[in-house]
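**Q** Pasting in a structure now, in structure tokens, and then I'll have a few things to ask.
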Amino acid sequence: MKTIPATLSVILATVLLAGTSAAEGLLERGTYLMESVAACPVCHTPWEEDGQIADMHLAGGLMFEEDDYTAYASNITPDPETGIGNWTDEQIIVAIREGKRPDGSIIGPAMPIRLYRGLSDRDVQAIVAYLRSIPPIKNEVATSEYEIDLPADYGPPLGEVPEVAYYDLGAYGEYLAGPIANCTYCHTPVEDGWRDYENMLGAGGHEMEGPWGETEARNITPDWGTGLGRWNSRKMRTAITKGLRPDGDELGPPMPYERYDTMDRQDLSAILAYVRSLPQIENDTD
Ligand code: HEC
Ligand code: HEC
């Protein structure tokens, strides 16, 4: 009997070493997510006309003006007065995944909470480890105003959210394109204030206004005529990581092409596999 634990620990060590995502540390994982693939900085770092303001990393203030609300991205640096420096890890996790602040107020649809309910325990902890590691920035942000009623909650309190196996390309791609990179958030149009994932997943058409001007998210479903049905993988990669369309046109903000260019190639392949599997929806967004 004595040898069993030893054998087990050898097996465990082998399993851990085989999976890079399991073997890397929390802060390392958080840094990768937050500086490459995750969408949080797109919204939480303010923009000027020609790009994001580097020394305001995650300090908030970007305005989202929609038919049903005017929202302002919060300061999520560790500044104790204007940021989230006084929140516990658990409070930050509940805010991100369940849309509830420590004072009980609800975060509205300007932040993709419905997607973030799917963030794994490990990844949300990794993101919090990263948020703790960045410099605090003092930046008072205005309060968001919603003309729609916000829900009392986004569902029952979350239990354990396990990791999605990275070797399951389709499932991991869905996880990356949803809760992590938010491809589906930006590329799904809005109905009565909320993303219409049920009927228009990936069909594009939502106009995004900001300091960069105005851009319309495009149809990324595999529809032949109005979506990406004719694009091969190379064309999709070039659009996502270089911001260049097959016809040579440059794509504009707020999609973070440069950050996606630093994405793990395996992760990008998983995202492509998922995007190709979306139901085809005809919706002209050119
Ligand atoms: C599409 C834009 C968008 C994305 C992406 C986004 N957020 Fe937010 N977030 C917001 C907005 C806007 C608010 C304020 C919403 C409101 O007041 O109702 C907010 C609020 C928050 C809050 C509450 C802070 C406070 O003081 O009120 C936290 C924490 C937060 N976001 C963290 C994150 C993290 C971590 C990520 C990435 C996993 C993320 N957000 C991604 C737009 C976004
Ligand atoms: C913050 C919002 C946002 C996020 C996040 C985002 N996109 Fe985009 N995307 C856009 C906008 C807006 C455009 C159109 C830009 C333009 O026309 O100048 C676009 C364009 C594209 C295009 C070009 C399509 C065409 O017909 O030219 C592809 C492909 C694409 N996105 C895929 C993705 C994928 C895959 C992800 C996730 C890894 C993603 N996007 C994340 C907003 C976003």
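Going by the structure tokens order, chains are called A, B, ..., each with residues numbered from 1, while ligands are numbered from 1 in the order shown.
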All residues within 7 Å of ligand 2 are required, counting only C-alpha atoms and all ligand atoms; please report them as number ranges by chain.
**A** A: 39, 42, 177, 181-183, 185-187, 208, 215-220, 227-228, 236, 239-240, 245, 250-256, 260, 271-272, 275
**Q** Neighbours of ligand 1 within 8 Å, counting only C-alpha atoms and all ligand atoms, as an mmCIF file with N, CA and C atoms, in the first residue's frame?
**A**
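Just written: part-v4.cif:
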```
data_model
loop_
_atom_site.group_PDB
_atom_site.id
_atom_site.type_symbol
_atom_site.label_atom_id
_atom_site.label_comp_id
_atom_site.auth_asym_id
_atom_site.auth_seq_id
_atom_site.Cartn_x
_atom_site.Cartn_y
_atom_site.Cartn_z
ATOM 1 N N MET A 34 -4.640 38.783 -19.607
ATOM 2 C CA MET A 34 -4.951 40.205 -19.569
ATOM 3 C C MET A 34 -4.127 41.041 -20.551
ATOM 4 N N ALA A 38 -7.682 38.259 -23.360
ATOM 5 C CA ALA A 38 -8.921 38.697 -22.696
ATOM 6 C C ALA A 38 -9.299 40.133 -23.077
ATOM 7 N N ALA A 39 -10.609 40.394 -23.099
ATOM 8 C CA ALA A 39 -11.099 41.689 -23.599
ATOM 9 C C ALA A 39 -11.160 42.783 -22.536
ATOM 10 N N CYS A 40 -10.961 42.454 -21.255
ATOM 11 C CA CYS A 40 -11.126 43.460 -20.186
ATOM 12 C C CYS A 40 -10.436 44.797 -20.509
ATOM 13 N N PRO A 41 -9.162 44.786 -20.948
ATOM 14 C CA PRO A 41 -8.496 46.078 -21.167
ATOM 15 C C PRO A 41 -9.097 46.895 -22.311
ATOM 16 N N VAL A 42 -9.759 46.237 -23.265
ATOM 17 C CA VAL A 42 -10.385 46.992 -24.362
ATOM 18 C C VAL A 42 -11.352 48.017 -23.778
ATOM 19 N N CYS A 43 -12.125 47.593 -22.785
ATOM 20 C CA CYS A 43 -13.131 48.468 -22.188
ATOM 21 C C CYS A 43 -12.596 49.257 -21.002
ATOM 22 N N HIS A 44 -11.716 48.655 -20.213
ATOM 23 C CA HIS A 44 -11.339 49.284 -18.944
ATOM 24 C C HIS A 44 -10.142 50.228 -19.041
ATOM 25 N N LEU A 62 -13.916 54.927 -19.950
ATOM 26 C CA LEU A 62 -14.454 54.863 -21.314
ATOM 27 C C LEU A 62 -15.983 54.845 -21.250
ATOM 28 N N MET A 63 -16.608 55.699 -22.096
ATOM 29 C CA MET A 63 -18.064 55.812 -22.050
ATOM 30 C C MET A 63 -18.703 54.913 -23.102
ATOM 31 N N PHE A 64 -19.795 54.241 -22.715
ATOM 32 C CA PHE A 64 -20.560 53.419 -23.649
ATOM 33 C C PHE A 64 -21.937 54.049 -23.785
ATOM 34 N N ALA A 71 -23.058 54.122 -19.977
ATOM 35 C CA ALA A 71 -22.269 53.468 -18.925
ATOM 36 C C ALA A 71 -20.818 53.911 -19.021
ATOM 37 N N TYR A 72 -20.126 53.831 -17.888
ATOM 38 C CA TYR A 72 -18.714 54.193 -17.833
ATOM 39 C C TYR A 72 -17.947 53.020 -17.251
ATOM 40 N N ALA A 73 -16.890 52.612 -17.941
ATOM 41 C CA ALA A 73 -16.088 51.491 -17.432
ATOM 42 C C ALA A 73 -15.435 51.891 -16.123
ATOM 43 N N SER A 74 -15.491 50.986 -15.153
ATOM 44 C CA SER A 74 -14.954 51.254 -13.817
ATOM 45 C C SER A 74 -13.431 51.245 -13.806
ATOM 46 N N ASN A 75 -12.890 51.921 -12.808
ATOM 47 C CA ASN A 75 -11.455 51.866 -12.522
ATOM 48 C C ASN A 75 -11.201 50.540 -11.803
ATOM 49 N N ILE A 76 -10.477 49.624 -12.441
ATOM 50 C CA ILE A 76 -10.225 48.322 -11.795
ATOM 51 C C ILE A 76 -8.754 48.157 -11.401
ATOM 52 N N THR A 82 -10.549 55.188 -5.675
ATOM 53 C CA THR A 82 -11.300 55.262 -6.927
ATOM 54 C C THR A 82 -11.286 53.937 -7.685
ATOM 55 N N GLY A 83 -10.537 52.959 -7.197
ATOM 56 C CA GLY A 83 -10.473 51.650 -7.853
ATOM 57 C C GLY A 83 -11.023 50.566 -6.946
ATOM 58 N N ILE A 84 -10.458 49.349 -7.049
ATOM 59 C CA ILE A 84 -11.002 48.237 -6.273
ATOM 60 C C ILE A 84 -9.987 47.719 -5.242
ATOM 61 N N ILE A 92 -14.108 40.674 -5.692
ATOM 62 C CA ILE A 92 -13.793 40.982 -7.098
ATOM 63 C C ILE A 92 -14.326 39.867 -8.005
ATOM 64 N N ILE A 93 -14.163 38.623 -7.554
ATOM 65 C CA ILE A 93 -14.629 37.480 -8.357
ATOM 66 C C ILE A 93 -16.151 37.529 -8.523
ATOM 67 N N ALA A 95 -18.020 40.194 -8.424
ATOM 68 C CA ALA A 95 -18.339 41.305 -9.328
ATOM 69 C C ALA A 95 -18.149 40.878 -10.786
ATOM 70 N N ILE A 96 -17.047 40.198 -11.087
ATOM 71 C CA ILE A 96 -16.758 39.828 -12.477
ATOM 72 C C ILE A 96 -17.743 38.771 -12.989
ATOM 73 N N GLY A 99 -21.744 39.853 -11.432
ATOM 74 C CA GLY A 99 -22.252 41.202 -11.673
ATOM 75 C C GLY A 99 -22.744 41.924 -10.436
ATOM 76 N N LYS A 100 -22.274 41.514 -9.261
ATOM 77 C CA LYS A 100 -22.727 42.165 -8.030
ATOM 78 C C LYS A 100 -21.544 42.780 -7.294
ATOM 79 N N ARG A 101 -21.654 44.088 -6.979
ATOM 80 C CA ARG A 101 -20.584 44.758 -6.232
ATOM 81 C C ARG A 101 -20.738 44.477 -4.738
ATOM 82 N N ILE A 106 -25.895 46.213 -8.879
ATOM 83 C CA ILE A 106 -25.737 45.292 -10.010
ATOM 84 C C ILE A 106 -25.010 45.984 -11.165
ATOM 85 N N ILE A 107 -24.064 45.277 -11.754
ATOM 86 C CA ILE A 107 -23.343 45.776 -12.927
ATOM 87 C C ILE A 107 -24.202 45.473 -14.154
ATOM 88 N N GLY A 108 -24.387 46.477 -15.006
ATOM 89 C CA GLY A 108 -25.326 46.350 -16.134
ATOM 90 C C GLY A 108 -24.731 45.707 -17.376
ATOM 91 N N PRO A 109 -25.533 45.659 -18.470
ATOM 92 C CA PRO A 109 -25.135 44.939 -19.686
ATOM 93 C C PRO A 109 -23.976 45.569 -20.452
ATOM 94 N N ALA A 110 -23.461 46.723 -20.000
ATOM 95 C CA ALA A 110 -22.280 47.293 -20.650
ATOM 96 C C ALA A 110 -21.053 46.441 -20.365
ATOM 97 N N MET A 111 -21.145 45.544 -19.397
ATOM 98 C CA MET A 111 -20.079 44.570 -19.131
ATOM 99 C C MET A 111 -20.656 43.170 -19.380
ATOM 100 N N PRO A 112 -19.917 42.307 -20.101
ATOM 101 C CA PRO A 112 -20.486 41.004 -20.518
ATOM 102 C C PRO A 112 -20.620 39.973 -19.395
ATOM 103 N N TYR A 116 -19.322 36.042 -18.556
ATOM 104 C CA TYR A 116 -18.323 35.821 -17.511
ATOM 105 C C TYR A 116 -18.753 34.807 -16.466
ATOM 106 N N VAL A 124 -10.451 33.066 -13.378
ATOM 107 C CA VAL A 124 -10.883 34.288 -12.702
ATOM 108 C C VAL A 124 -9.905 34.600 -11.556
ATOM 109 N N ILE A 127 -6.931 36.198 -13.188
ATOM 110 C CA ILE A 127 -7.203 37.595 -13.547
ATOM 111 C C ILE A 127 -7.096 38.482 -12.300
ATOM 112 N N VAL A 128 -7.632 37.995 -11.178
ATOM 113 C CA VAL A 128 -7.543 38.767 -9.926
ATOM 114 C C VAL A 128 -6.075 38.916 -9.504
ATOM 115 N N LEU A 131 -4.770 41.673 -11.525
ATOM 116 C CA LEU A 131 -5.294 42.985 -11.107
ATOM 117 C C LEU A 131 -4.601 43.486 -9.837
ATOM 118 N N THR A 143 -20.902 57.617 -12.609
ATOM 119 C CA THR A 143 -21.801 56.481 -12.386
ATOM 120 C C THR A 143 -22.615 56.199 -13.644
ATOM 121 N N SER A 144 -22.763 54.928 -13.976
ATOM 122 C CA SER A 144 -23.535 54.538 -15.162
ATOM 123 C C SER A 144 -25.025 54.784 -14.943
ATOM 124 N N GLU A 145 -25.717 55.090 -16.061
ATOM 125 C CA GLU A 145 -27.172 55.271 -15.950
ATOM 126 C C GLU A 145 -27.886 54.383 -16.953
ATOM 127 N N TYR A 146 -28.814 53.565 -16.444
ATOM 128 C CA TYR A 146 -29.559 52.633 -17.293
ATOM 129 C C TYR A 146 -31.025 53.043 -17.361
ATOM 130 N N PRO A 179 -16.287 33.746 -22.899
ATOM 131 C CA PRO A 179 -15.899 34.400 -21.634
ATOM 132 C C PRO A 179 -14.533 35.090 -21.655
ATOM 133 N N ILE A 180 -13.592 34.643 -22.490
ATOM 134 C CA ILE A 180 -12.257 35.240 -22.429
ATOM 135 C C ILE A 180 -12.102 36.404 -23.426
ATOM 136 N N ASN A 182 -14.278 37.508 -25.735
ATOM 137 C CA ASN A 182 -15.515 38.255 -25.997
ATOM 138 C C ASN A 182 -15.803 38.509 -27.471
ATOM 139 N N TYR A 185 -19.424 38.680 -27.801
ATOM 140 C CA TYR A 185 -20.079 39.866 -27.228
ATOM 141 C C TYR A 185 -20.102 40.987 -28.265
ATOM 142 N N CYS A 186 -18.945 41.356 -28.779
ATOM 143 C CA CYS A 186 -18.881 42.461 -29.741
ATOM 144 C C CYS A 186 -19.593 42.126 -31.046
#
```
**Q** Would you compute the distance between atom CA of Thr31 of chain A and atom CA of Arg276 of chain A? Give it in Å to one decimal.
**A** 27.9 Å
**Q** What is the atom CA of Leu201 of chain A to atom CA of Ala270 of chain A distance in Å?
**A**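 Rounded to one decimal, the two atoms are 17.6 Å apart.
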**Q** Give me, as a ChimeraX atom specification, the residues of segment 19-105 of chain A that a backbone DSSP run labels helix (DSSP H, G or I).
**A** /A:20-23,26-37,40-44,54-56,89-98
